[in-house]
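A.B. asks: Shown below is the structure under consideration.
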Number of protein chains: 2
Amino acid sequence: MPKILRINLTAAKISYEELPDEYALWGNRGLIARYLLDEVPPTCHPLGEYNKLILATGPLAGSNVTSSARLSAGAKSPLTGGIKESNAGGVAGRLLARLGLRALILEGRAKELSILKVGKEGAELIPAPELKGLGNYDLASRLLNKYGNKSGIISIGQAGEKLFPTAGIFVTDPAGSPSRACGRGGLGAVMGSKNLKAVVIENNGNENLRPVNPDAYRRAVKEFHSAILQHPQTSKAYPEYGTAGLLSTMNRLGGLPTRNFSSGSFEGAEKICGEALRALILDRGGEGRTTHRCMDTCIIRCSNIFPDPEGRALVSPLEYETLVLLGSNIGVDNLDWIAKFNRLCNDFGIDTIEIGAAIGVAMEAGILNFGNARKVEELLKEVGEGTLLGRVIGQGAEITGRVLGVTRVPTVKGQAMAAHEPRAIKGMTVTYATSPMGADHTAGITVRAQIDHRQPEGQMELSRNTQVNVAAYDTLGFCIFVMPAVGGQPQLAVNILNALYGTDYRDDFLRSLGKKVIRLEKAFNEAAGFTEAHDRLPEFFYSEKLPPYNVVSDIPAEDIKRFWDPDFWEE
Amino acid sequence: MPKILRINLTAAKISYEELPDEYALWGNRGLIARYLLDEVPPTCHPLGEYNKLILATGPLAGSNVTSSARLSAGAKSPLTGGIKESNAGGVAGRLLARLGLRALILEGRAKELSILKVGKEGAELIPAPELKGLGNYDLASRLLNKYGNKSGIISIGQAGEKLFPTAGIFVTDPAGSPSRACGRGGLGAVMGSKNLKAVVIENNGNENLRPVNPDAYRRAVKEFHSAILQHPQTSKAYPEYGTAGLLSTMNRLGGLPTRNFSSGSFEGAEKICGEALRALILDRGGEGRTTHRCMDTCIIRCSNIFPDPEGRALVSPLEYETLVLLGSNIGVDNLDWIAKFNRLCNDFGIDTIEIGAAIGVAMEAGILNFGNARKVEELLKEVGEGTLLGRVIGQGAEITGRVLGVTRVPTVKGQAMAAHEPRAIKGMTVTYATSPMGADHTAGITVRAQIDHRQPEGQMELSRNTQVNVAAYDTLGFCIFVMPAVGGQPQLAVNILNALYGTDYRDDFLRSLGKKVIRLEKAFNEAAGFTEAHDRLPEFFYSEKLPPYNVVSDIPAEDIKRFWDPDFWEE
């Protein structure tokens, strides 16, 4: 059985614990929910002594199963005040599993800025005041030099050190670039509040997963991979266009957040869409890549490397949510600018979604004009430097709105909406309103479903089933981009688990797992003070008609209420 | 029966309604709770189209009963997100009653900045864009010149126009000074969000209360007044020292908030206490007054007029909460400086409590030093001007703490604590934690009770009984400063009501009324998303020992839970 590494930073005390038997198949999001509910007072200050930061990987992370080694970070969120899990690709998840670890539980606060090194010989807390103020790129490069360039680095930039709730936790990819983000919910600020600048996971583990039924396991993995290699989304669209492929579709559906969520289509969409991105990368050549993996075992390879005009790698990947929140949402229609913004955000350690939404709000307040890319760059630098304006924007969209006097602020439970306009893609009204995570698209994306997205009927069920399904894959450590291919065939993942662990779960295992996880998360949030009153979008989504289709969020309140029907959740 | 005046500012539609029979004895705080619960969606945006601002007076406001004509403002609070009532003295309450009005209900938003004039001939909405940006003093003076200097002005300064949740609603006193504040909860921002700069209440009403039993009424009023004239607090301490008399006591008890709630005693207390204030006012003479009434009928006269060194009236009144939050809490020990701060706050229309707490937090963040009065003055001017720093501080203590990275922030439900340290005066731990109003001292002051304030035992019952009692007097439109004299003799107020309205309530009427009001407020808050998770102080009050007595808030969690025991509330 894998172990849990518990680090009390206040006492500089490190201990290993057995993973409880009942958690054997639990990883990532679900494991985080269990530990937070067990150990963290839901009403505690998110940046205070009682919150804990959990870094977890999943039950398949050490295997060769594609896309199954995500690293999750979790804590009580300083942005929402509720439970938060956010996950990323990169190498750290797999390296942790190879060291026989399922999770790190970080408690307390180090006396001075420190790093934690975790390897075969054990774990060590190392004071590192000299790293103060470093951006993620310099930091990763220094640490990889020192601890081996096959190590995995989990780190925060300046934003996390400054406790900004827009700060994410960043993870290095196979090339050592700290570009994979556990971006949402301000988990970087929780890490900063613990005076922890980075965790170095050494590449010296040799724990192998030993399948109970090796033949069945090989067969099951083959079937799983084969489904992915056959589905057009995972075998063609993702590798060719990445997540950016969604941009044209979303623009057509009128669901592309534009200029602080005041329109669902953007006149500059063609310049920043997946097709334009692919063409530009191919045209520039050099270090640019349209198809790129963020984890060693991934066969989907939806990532990309965006090159500057000279062909040098600038940022990797440039993704849909960034192209929208730091593109159409702030009126910018230029890929080079957006890539620069993204690079700055990665370096400072900032969530591109939350900061893009905050800048959109600042633009609505007249602090800068929509489309003024040069000013956006300056503003992002102010966030990194921590000027007063940078501090305000660095708090995210909600506080930016309050300070600047803007009431049109696209947040739910304090967190900014991702790039799926919930008035045009109505399933997202349900996902944003109900998810214990706040307005996260990853909690339950509905845009790929065969449904009329502008009609309210059926959206509650669609979102709820998707949320349950996602919660299960999130708990197994899978990247949710496997879901277009395998999401409708739960037996594919269940067969792998059964062969590996000698269990005999049936197809309904995933559904049951997903429900359990969301119930745990909801229990945490309820104890933290959330009620159904928080399951709603900001007022303007219900009344302000969104061009070009002049739609509002009109999911019946009754449907939102029914979302939490115990008959569904306790089955 | 008095009437309700309903003003839809969006449609510029004004209508008179009968006060429902069952509300005959309800005014101020209780009436506000009823109307808000009936008419305002608890989840609405506090500064959006669905919130309503209610200005209400009470069932005795037109009488000659002392201290019974408070004006209450109420709405969903932009500071707490919950229900809010805040009341003030001044002349407006009585003038409204003389016009036969119990309350104004303000809905929607005027197309341009407007004033509302209310008089015998009716009410009129008057566009007044020329008043934009005026402070309360200039504004009141202009309006009194135009509409008669015996009118009452209810107005907002620059802070309310800018939608700062530190903004209060100000009311003129008999001398026309806009110095009586419905200060707490950001109700000035709600008024600002309605594009309403002022309400002018003309002094041309001639409605008289006609007691059903005139003899009994005269007798009852006489008894009520005589209790007040005989009690040392209301007949001597309040008129001589005002509320400032509490400062020395509080310093001795170790409950005087000092330097952002890091100590309970202040080495400069002697320089800013009631005795020092009285001596300075008497010494300077001129327009200064140690004894002064804010309402025509008041026989307590706890207000004062603070003169500048030349004897000219600078501000009226200088009160305990201001002396602490803008004095010891920010390390300032000079009455002239505090009076200047107070004058600026009145002019900009800012709550001295919330802004003092916010400045204390900014000092802890190192933005300025504790005790640097000159910088405080500059900072207050920045709030009035709306510079970026001014906007941050203008959001109040909680947002200031978030933006500046301070976790020691003395707020409950988003609102700053008043000048009663809840670790040393433990009944206030209960009041602050449980009151639907957030950390308001007026919701249930316990410091005058005969109890060991540093012991947790009995504090829950003390606070709960006080809160119920206060809610009743608040609903009758009384100033709570009558309570030291009459709070323990409910028959004194009940006899007046019975004689006036021909009712036959018993002594328990007040207790029952208070409970009803708080239940309504709690119902609003529950629907707005508050749970028992919000009934707590910030983390540091439970763990950080407060000098000089090294006390923490240690009321048992069980007591806080029992606070809402249905057996108590539904009796």
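Following the order of the structure tokens, chains are lettered A, B, ..., residues in each are numbered from 1, and ligands are numbered from 1.
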Within 8 Å of stretch 425-442 of chain A, counting only C-alpha atoms, which residues qualify if same-chain residues fewer than 5 places away don't, as a PyMOL selection string?
C.D. replies: chain A and resi 80+82-85+253+255+411-420+447+453-456+459-460+462-464+467+470+480+518+521-522+525+534-537+553+555+560+563
A.B. asks: Just the residues within 12 Å of B:Asn498, please, counting only C-alpha atoms, with nothing from its chain fewer than 4 positions along; format it as an mmCIF file with N, CA and C atoms, in the first residue's frame.
C.D. replies:
data_model
loop_
_atom_site.group_PDB
_atom_site.id
_atom_site.type_symbol
_atom_site.label_atom_id
_atom_site.label_comp_id
_atom_site.auth_asym_id
_atom_site.auth_seq_id
_atom_site.Cartn_x
_atom_site.Cartn_y
_atom_site.Cartn_z
ATOM 1 N N LEU B 25 -47.919 49.184 16.154
ATOM 2 C CA LEU B 25 -46.917 49.495 17.171
ATOM 3 C C LEU B 25 -45.494 49.217 16.695
ATOM 4 N N PRO B 59 -43.495 54.263 16.657
ATOM 5 C CA PRO B 59 -44.870 54.563 17.060
ATOM 6 C C PRO B 59 -44.981 55.704 18.071
ATOM 7 N N LEU B 60 -43.847 56.190 18.579
ATOM 8 C CA LEU B 60 -43.898 57.290 19.538
ATOM 9 C C LEU B 60 -43.226 58.548 18.998
ATOM 10 N N PRO B 211 -53.657 60.275 22.244
ATOM 11 C CA PRO B 211 -53.725 59.125 23.138
ATOM 12 C C PRO B 211 -55.167 58.681 23.348
ATOM 13 N N VAL B 212 -55.398 57.390 23.341
ATOM 14 C CA VAL B 212 -56.712 56.849 23.622
ATOM 15 C C VAL B 212 -57.101 57.170 25.072
ATOM 16 N N ASN B 213 -56.111 57.095 25.950
ATOM 17 C CA ASN B 213 -56.359 57.439 27.362
ATOM 18 C C ASN B 213 -55.404 58.543 27.802
ATOM 19 N N PRO B 214 -55.828 59.786 27.586
ATOM 20 C CA PRO B 214 -54.897 60.906 27.797
ATOM 21 C C PRO B 214 -54.337 60.973 29.218
ATOM 22 N N ASP B 215 -55.163 60.709 30.186
ATOM 23 C CA ASP B 215 -54.673 60.813 31.566
ATOM 24 C C ASP B 215 -53.613 59.750 31.846
ATOM 25 N N ALA B 216 -53.951 58.541 31.493
ATOM 26 C CA ALA B 216 -53.006 57.438 31.701
ATOM 27 C C ALA B 216 -51.718 57.720 30.931
ATOM 28 N N TYR B 217 -51.868 58.287 29.765
ATOM 29 C CA TYR B 217 -50.708 58.591 28.939
ATOM 30 C C TYR B 217 -49.796 59.596 29.640
ATOM 31 N N ARG B 218 -50.398 60.684 30.110
ATOM 32 C CA ARG B 218 -49.595 61.706 30.791
ATOM 33 C C ARG B 218 -48.871 61.113 31.995
ATOM 34 N N ARG B 219 -49.591 60.281 32.719
ATOM 35 C CA ARG B 219 -49.017 59.642 33.897
ATOM 36 C C ARG B 219 -47.847 58.733 33.507
ATOM 37 N N ALA B 220 -48.070 57.957 32.477
ATOM 38 C CA ALA B 220 -47.049 56.993 32.046
ATOM 39 C C ALA B 220 -45.786 57.706 31.551
ATOM 40 N N VAL B 221 -45.987 58.773 30.801
ATOM 41 C CA VAL B 221 -44.825 59.516 30.298
ATOM 42 C C VAL B 221 -44.051 60.120 31.465
ATOM 43 N N GLN B 491 -42.578 47.743 32.131
ATOM 44 C CA GLN B 491 -43.921 48.324 32.269
ATOM 45 C C GLN B 491 -43.919 49.815 31.958
ATOM 46 N N LEU B 492 -42.787 50.483 32.145
ATOM 47 C CA LEU B 492 -42.751 51.932 31.910
ATOM 48 C C LEU B 492 -43.036 52.265 30.449
ATOM 49 N N ALA B 493 -42.416 51.522 29.533
ATOM 50 C CA ALA B 493 -42.690 51.760 28.109
ATOM 51 C C ALA B 493 -44.049 51.184 27.729
ATOM 52 N N VAL B 494 -44.371 50.027 28.277
ATOM 53 C CA VAL B 494 -45.635 49.374 27.916
ATOM 54 C C VAL B 494 -46.826 50.236 28.361
ATOM 55 N N GLY B 502 -54.436 52.370 23.304
ATOM 56 C CA GLY B 502 -55.606 51.671 23.828
ATOM 57 C C GLY B 502 -55.422 50.163 23.875
ATOM 58 N N THR B 503 -54.210 49.717 23.897
ATOM 59 C CA THR B 503 -53.926 48.278 23.972
ATOM 60 C C THR B 503 -53.833 47.870 25.438
ATOM 61 N N ASP B 504 -53.722 46.577 25.661
ATOM 62 C CA ASP B 504 -53.573 46.157 27.055
ATOM 63 C C ASP B 504 -52.441 45.133 27.191
ATOM 64 N N TYR B 505 -51.321 45.487 26.615
ATOM 65 C CA TYR B 505 -50.152 44.608 26.711
ATOM 66 C C TYR B 505 -49.661 44.530 28.145
ATOM 67 N N ARG B 506 -49.082 43.370 28.447
ATOM 68 C CA ARG B 506 -48.489 43.200 29.769
ATOM 69 C C ARG B 506 -46.980 43.463 29.682
ATOM 70 N N ASP B 507 -46.332 43.334 30.825
ATOM 71 C CA ASP B 507 -44.893 43.616 30.891
ATOM 72 C C ASP B 507 -44.077 42.787 29.910
ATOM 73 N N PHE B 509 -44.605 42.142 26.969
ATOM 74 C CA PHE B 509 -44.746 42.566 25.578
ATOM 75 C C PHE B 509 -43.392 42.876 24.932
#
A.B. asks: Under the rule of at most 6 Å, produce a per-residue listing of chain B near chain A: chain, number, name, the closest pair of atoms, and the distance in Å, as JSON lines, using only C-alpha atoms.
C.D. replies:
{"residue": "B:Arg391", "atom": "CA", "partner": "A:Val403", "partner_atom": "CA", "distance": 5.7}
{"residue": "B:Val392", "atom": "CA", "partner": "A:Val403", "partner_atom": "CA", "distance": 5.7}
{"residue": "B:Val403", "atom": "CA", "partner": "A:Val392", "partner_atom": "CA", "distance": 5.7}
{"residue": "B:Ala528", "atom": "CA", "partner": "A:Ala533", "partner_atom": "CA", "distance": 5.8}
{"residue": "B:Gly529", "atom": "CA", "partner": "A:Ala533", "partner_atom": "CA", "distance": 4.8}
{"residue": "B:Thr531", "atom": "CA", "partner": "A:Gly529", "partner_atom": "CA", "distance": 5.5}
{"residue": "B:Ala533", "atom": "CA", "partner": "A:Gly529", "partner_atom": "CA", "distance": 4.9}
A.B. asks: Just the number, please: distance in Å from atom CA of A:Glu112 to atom CA of A:Ala11, one decimal.
C.D. replies: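 Between atom CA of A:Glu112 and atom CA of A:Ala11 the gap works out to 12.0 Å.
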A.B. asks: Check the DSSP output for the backbone and give back, as number ranges by chain, the residues of stretch 354-461 of chain A in helix (DSSP H, G or I).
C.D. replies: A: 354-364, 373-385, 388-393, 397-404, 427-434, 459-461
A.B. asks: Keeping only N, CA and C atoms, write the selected residues as a tab-separated table (two decimals), in the first residue's frame.
C.D. replies:
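Output contents, as saved in again.tsv:
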chain	number	residue	atom	x	y	z
A	354	GLU	N	-8.81	33.44	-13.31
A	354	GLU	CA	-9.23	34.41	-12.30
A	354	GLU	C	-8.68	35.80	-12.62
A	355	ILE	N	-7.44	35.86	-13.06
A	355	ILE	CA	-6.84	37.18	-13.30
A	355	ILE	C	-7.45	37.81	-14.55
A	356	GLY	N	-7.76	36.97	-15.55
A	356	GLY	CA	-8.40	37.50	-16.75
A	356	GLY	C	-9.78	38.08	-16.42
A	357	ALA	N	-10.51	37.37	-15.57
A	357	ALA	CA	-11.82	37.89	-15.16
A	357	ALA	C	-11.66	39.18	-14.37
A	358	ALA	N	-10.65	39.23	-13.50
A	358	ALA	CA	-10.43	40.45	-12.70
A	358	ALA	C	-10.07	41.63	-13.60
A	359	ILE	N	-9.25	41.37	-14.61
A	359	ILE	CA	-8.87	42.46	-15.52
A	359	ILE	C	-10.09	42.92	-16.33
A	360	GLY	N	-10.92	41.97	-16.72
A	360	GLY	CA	-12.16	42.34	-17.41
A	360	GLY	C	-13.00	43.29	-16.56
A	361	VAL	N	-13.08	43.00	-15.27
A	361	VAL	CA	-13.84	43.85	-14.35
A	361	VAL	C	-13.17	45.22	-14.22
A	362	ALA	N	-11.82	45.22	-14.14
A	362	ALA	CA	-11.09	46.49	-14.05
A	362	ALA	C	-11.31	47.32	-15.32
A	363	MET	N	-11.43	46.63	-16.46
A	363	MET	CA	-11.70	47.35	-17.71
A	363	MET	C	-13.11	47.95	-17.67
A	364	GLU	N	-14.04	47.20	-17.17
A	364	GLU	CA	-15.40	47.74	-17.05
A	364	GLU	C	-15.41	48.97	-16.14
A	373	ALA	N	-3.62	45.86	-24.87
A	373	ALA	CA	-2.74	44.77	-24.45
A	373	ALA	C	-1.51	45.27	-23.71
A	374	ARG	N	-1.00	46.40	-24.14
A	374	ARG	CA	0.21	46.91	-23.48
A	374	ARG	C	-0.07	47.21	-22.00
A	375	LYS	N	-1.23	47.79	-21.75
A	375	LYS	CA	-1.61	48.09	-20.37
A	375	LYS	C	-1.87	46.81	-19.57
A	376	VAL	N	-2.39	45.80	-20.25
A	376	VAL	CA	-2.63	44.53	-19.56
A	376	VAL	C	-1.29	43.95	-19.10
A	377	GLU	N	-0.32	44.02	-19.98
A	377	GLU	CA	1.01	43.52	-19.61
A	377	GLU	C	1.55	44.27	-18.39
A	378	GLU	N	1.41	45.61	-18.43
A	378	GLU	CA	1.86	46.41	-17.28
A	378	GLU	C	1.12	46.01	-16.00
A	379	LEU	N	-0.17	45.81	-16.16
A	379	LEU	CA	-1.00	45.47	-15.01
A	379	LEU	C	-0.58	44.12	-14.43
A	380	LEU	N	-0.33	43.15	-15.30
A	380	LEU	CA	0.11	41.84	-14.81
A	380	LEU	C	1.44	41.98	-14.06
A	381	LYS	N	2.30	42.84	-14.59
A	381	LYS	CA	3.57	43.05	-13.88
A	381	LYS	C	3.34	43.69	-12.51
A	382	GLU	N	2.34	44.56	-12.45
A	382	GLU	CA	2.01	45.15	-11.14
A	382	GLU	C	1.53	44.09	-10.16
A	383	VAL	N	0.82	43.11	-10.68
A	383	VAL	CA	0.38	42.01	-9.79
A	383	VAL	C	1.60	41.28	-9.25
A	384	GLY	N	2.53	40.97	-10.14
A	384	GLY	CA	3.74	40.28	-9.71
A	384	GLY	C	4.55	41.08	-8.71
A	385	GLU	N	4.59	42.40	-8.95
A	385	GLU	CA	5.37	43.25	-8.05
A	385	GLU	C	4.63	43.55	-6.75
A	388	LEU	N	-0.16	48.49	-5.24
A	388	LEU	CA	-1.51	48.47	-4.68
A	388	LEU	C	-2.53	48.00	-5.71
A	389	LEU	N	-2.44	48.54	-6.93
A	389	LEU	CA	-3.37	48.10	-7.97
A	389	LEU	C	-3.18	46.61	-8.24
A	390	GLY	N	-1.91	46.19	-8.27
A	390	GLY	CA	-1.62	44.78	-8.47
A	390	GLY	C	-2.23	43.92	-7.37
A	391	ARG	N	-2.20	44.42	-6.15
A	391	ARG	CA	-2.79	43.68	-5.03
A	391	ARG	C	-4.30	43.56	-5.16
A	392	VAL	N	-4.91	44.63	-5.65
A	392	VAL	CA	-6.37	44.59	-5.82
A	392	VAL	C	-6.73	43.56	-6.89
A	393	ILE	N	-6.13	43.69	-8.06
A	393	ILE	CA	-6.40	42.75	-9.15
A	393	ILE	C	-6.02	41.34	-8.71
A	397	ALA	N	-11.56	38.55	-9.27
A	397	ALA	CA	-12.64	39.35	-9.86
A	397	ALA	C	-13.57	39.96	-8.81
A	398	GLU	N	-13.91	39.18	-7.81
A	398	GLU	CA	-14.92	39.64	-6.86
A	398	GLU	C	-14.46	40.88	-6.08
A	399	ILE	N	-13.26	40.80	-5.51
A	399	ILE	CA	-12.74	41.94	-4.73
A	399	ILE	C	-12.44	43.10	-5.66
A	400	THR	N	-11.92	42.81	-6.85
A	400	THR	CA	-11.68	43.88	-7.81
A	400	THR	C	-12.98	44.65	-8.08
A	401	GLY	N	-14.04	43.90	-8.25
A	401	GLY	CA	-15.34	44.54	-8.48
A	401	GLY	C	-15.77	45.39	-7.30
A	402	ARG	N	-15.57	44.87	-6.11
A	402	ARG	CA	-15.99	45.65	-4.94
A	402	ARG	C	-15.18	46.93	-4.81
A	403	VAL	N	-13.86	46.80	-4.93
A	403	VAL	CA	-13.01	47.97	-4.74
A	403	VAL	C	-13.27	49.01	-5.83
A	404	LEU	N	-13.48	48.53	-7.05
A	404	LEU	CA	-13.63	49.49	-8.16
A	404	LEU	C	-15.09	49.86	-8.42
A	427	GLY	N	-26.17	24.39	-19.53
A	427	GLY	CA	-25.71	23.39	-18.56
A	427	GLY	C	-24.71	23.99	-17.60
A	428	MET	N	-23.97	24.97	-18.06
A	428	MET	CA	-22.94	25.59	-17.21
A	428	MET	C	-23.56	26.50	-16.15
A	429	THR	N	-24.78	26.97	-16.37
A	429	THR	CA	-25.48	27.67	-15.29
A	429	THR	C	-25.63	26.71	-14.11
A	430	VAL	N	-25.96	25.47	-14.42
A	430	VAL	CA	-26.14	24.48	-13.35
A	430	VAL	C	-24.78	24.14	-12.73
A	431	THR	N	-23.79	23.87	-13.56
A	431	THR	CA	-22.47	23.50	-13.03
A	431	THR	C	-21.90	24.60	-12.16
A	432	TYR	N	-21.89	25.83	-12.69
A	432	TYR	CA	-21.32	26.93	-11.91
A	432	TYR	C	-22.10	27.14	-10.61
A	433	ALA	N	-23.42	27.08	-10.70
A	433	ALA	CA	-24.23	27.39	-9.51
A	433	ALA	C	-24.07	26.33	-8.43
A	434	THR	N	-23.98	25.07	-8.82
A	434	THR	CA	-24.07	24.01	-7.83
A	434	THR	C	-22.73	23.43	-7.38
A	459	GLN	N	-30.96	20.45	-18.72
A	459	GLN	CA	-29.60	20.89	-18.39
A	459	GLN	C	-29.20	20.46	-16.98
A	460	MET	N	-30.16	20.45	-16.07
A	460	MET	CA	-29.82	20.06	-14.70
A	460	MET	C	-29.31	18.63	-14.70
A	461	GLU	N	-30.05	17.73	-15.34
A	461	GLU	CA	-29.64	16.32	-15.34
A	461	GLU	C	-28.30	16.16	-16.06
A.B. asks: Distance atom CA of B:Glu39-atom CA of A:Pro410, one decimal place?
C.D. replies: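 Straight-line distance from atom CA of B:Glu39 to atom CA of A:Pro410 works out to 25.6 Å.
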A.B. asks: Show which residues sit within 12 Å of B:Ile350, as a VMD selection string. Count only C-alpha atoms, and ignore same-chain residues fewer than 2 positions away.
C.D. replies: chain B and resid 135 to 136 155 to 170 178 to 189 322 341 to 348 352 to 356 358 380 to 381 383 to 384 390 393 to 396
A.B. asks: List as a PyMOL selection string the protein and nucleic acid residues near stretch 308-311 of chain B, meaning an atom at most 12 Å away when only C-alpha atoms are counted, but skip any in the same chain fewer than 3 places from it.
C.D. replies: chain B and resi 280-289+305+314-316+335-340+343
A.B. asks: Go ahead and write the selection's residues with N, CA and C atoms as a PDB file, in the first residue's frame.
C.D. replies:
ATOM      1  N   LEU B 280     -11.632  69.586  28.365  1.00  0.00           N
ATOM      2  CA  LEU B 280     -11.202  70.390  27.221  1.00  0.00           C
ATOM      3  C   LEU B 280     -12.344  71.248  26.681  1.00  0.00           C
ATOM      4  N   ILE B 281     -13.516  70.645  26.581  1.00  0.00           N
ATOM      5  CA  ILE B 281     -14.668  71.407  26.070  1.00  0.00           C
ATOM      6  C   ILE B 281     -14.970  72.584  27.002  1.00  0.00           C
ATOM      7  N   LEU B 282     -14.977  72.312  28.309  1.00  0.00           N
ATOM      8  CA  LEU B 282     -15.266  73.394  29.273  1.00  0.00           C
ATOM      9  C   LEU B 282     -14.180  74.468  29.226  1.00  0.00           C
ATOM     10  N   ASP B 283     -12.961  74.012  29.079  1.00  0.00           N
ATOM     11  CA  ASP B 283     -11.850  74.945  29.042  1.00  0.00           C
ATOM     12  C   ASP B 283     -11.918  75.861  27.824  1.00  0.00           C
ATOM     13  N   ARG B 284     -12.260  75.269  26.686  1.00  0.00           N
ATOM     14  CA  ARG B 284     -12.279  76.094  25.466  1.00  0.00           C
ATOM     15  C   ARG B 284     -13.504  76.987  25.369  1.00  0.00           C
ATOM     16  N   GLY B 285     -14.604  76.538  25.969  1.00  0.00           N
ATOM     17  CA  GLY B 285     -15.821  77.352  25.937  1.00  0.00           C
ATOM     18  C   GLY B 285     -16.291  77.604  24.521  1.00  0.00           C
ATOM     19  N   GLY B 286     -16.654  78.842  24.220  1.00  0.00           N
ATOM     20  CA  GLY B 286     -17.118  79.179  22.882  1.00  0.00           C
ATOM     21  C   GLY B 286     -18.360  78.370  22.535  1.00  0.00           C
ATOM     22  N   GLU B 287     -18.353  77.758  21.336  1.00  0.00           N
ATOM     23  CA  GLU B 287     -19.532  76.986  20.917  1.00  0.00           C
ATOM     24  C   GLU B 287     -19.543  75.576  21.497  1.00  0.00           C
ATOM     25  N   GLY B 288     -18.508  75.229  22.238  1.00  0.00           N
ATOM     26  CA  GLY B 288     -18.427  73.888  22.816  1.00  0.00           C
ATOM     27  C   GLY B 288     -19.525  73.631  23.826  1.00  0.00           C
ATOM     28  N   ARG B 289     -19.990  72.384  23.860  1.00  0.00           N
ATOM     29  CA  ARG B 289     -21.013  71.992  24.831  1.00  0.00           C
ATOM     30  C   ARG B 289     -20.706  70.586  25.318  1.00  0.00           C
ATOM     31  N   ILE B 305     -20.770  69.114  21.837  1.00  0.00           N
ATOM     32  CA  ILE B 305     -20.227  69.849  20.687  1.00  0.00           C
ATOM     33  C   ILE B 305     -18.748  70.064  20.989  1.00  0.00           C
ATOM     34  N   LEU B 314     -16.524  72.213  15.982  1.00  0.00           N
ATOM     35  CA  LEU B 314     -15.833  71.444  14.945  1.00  0.00           C
ATOM     36  C   LEU B 314     -16.645  70.217  14.584  1.00  0.00           C
ATOM     37  N   VAL B 315     -17.085  69.484  15.587  1.00  0.00           N
ATOM     38  CA  VAL B 315     -17.869  68.297  15.301  1.00  0.00           C
ATOM     39  C   VAL B 315     -18.775  68.026  16.486  1.00  0.00           C
ATOM     40  N   SER B 316     -19.907  67.424  16.197  1.00  0.00           N
ATOM     41  CA  SER B 316     -20.861  67.113  17.260  1.00  0.00           C
ATOM     42  C   SER B 316     -21.588  65.844  16.879  1.00  0.00           C
ATOM     43  N   LEU B 335      -7.254  64.450  21.208  1.00  0.00           N
ATOM     44  CA  LEU B 335      -8.672  64.718  20.931  1.00  0.00           C
ATOM     45  C   LEU B 335      -8.874  65.610  19.710  1.00  0.00           C
ATOM     46  N   ASP B 336      -7.976  66.556  19.495  1.00  0.00           N
ATOM     47  CA  ASP B 336      -8.146  67.439  18.335  1.00  0.00           C
ATOM     48  C   ASP B 336      -8.028  66.669  17.025  1.00  0.00           C
ATOM     49  N   TRP B 337      -7.071  65.748  17.000  1.00  0.00           N
ATOM     50  CA  TRP B 337      -6.946  64.935  15.789  1.00  0.00           C
ATOM     51  C   TRP B 337      -8.188  64.052  15.596  1.00  0.00           C
ATOM     52  N   ILE B 338      -8.618  63.423  16.658  1.00  0.00           N
ATOM     53  CA  ILE B 338      -9.776  62.526  16.515  1.00  0.00           C
ATOM     54  C   ILE B 338     -11.009  63.312  16.059  1.00  0.00           C
ATOM     55  N   ALA B 339     -11.147  64.514  16.617  1.00  0.00           N
ATOM     56  CA  ALA B 339     -12.277  65.347  16.212  1.00  0.00           C
ATOM     57  C   ALA B 339     -12.180  65.725  14.734  1.00  0.00           C
ATOM     58  N   LYS B 340     -10.965  65.998  14.284  1.00  0.00           N
ATOM     59  CA  LYS B 340     -10.791  66.296  12.842  1.00  0.00           C
ATOM     60  C   LYS B 340     -11.169  65.090  11.993  1.00  0.00           C
ATOM     61  N   ARG B 343     -14.883  64.812  11.901  1.00  0.00           N
ATOM     62  CA  ARG B 343     -15.469  65.809  11.002  1.00  0.00           C
ATOM     63  C   ARG B 343     -15.355  65.362   9.537  1.00  0.00           C
TER      64      ARG B 343
END
A.B. asks: Tell me, in Å to one decimal, how far atom CA of A:Ser235 is from atom CA of A:Ile299.
C.D. replies: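 Straight-line distance from atom CA of A:Ser235 to atom CA of A:Ile299 works out to 8.4 Å.
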A.B. asks: Return the single residue from A:Arg70, A:Ile330, A:Ala269, A:Leu99 that is closest to A:Leu368, with distances computed using only C-alpha atoms.
C.D. replies: A:Ile330
A.B. asks: Select from stretch 144-247 of chain B everything DSSP, run on the backbone, classes as strand (DSSP E or B), then give the selection as a PyMOL selection string.
C.D. replies: chain B and resi 152-155+167+169-171+180-182+196-201
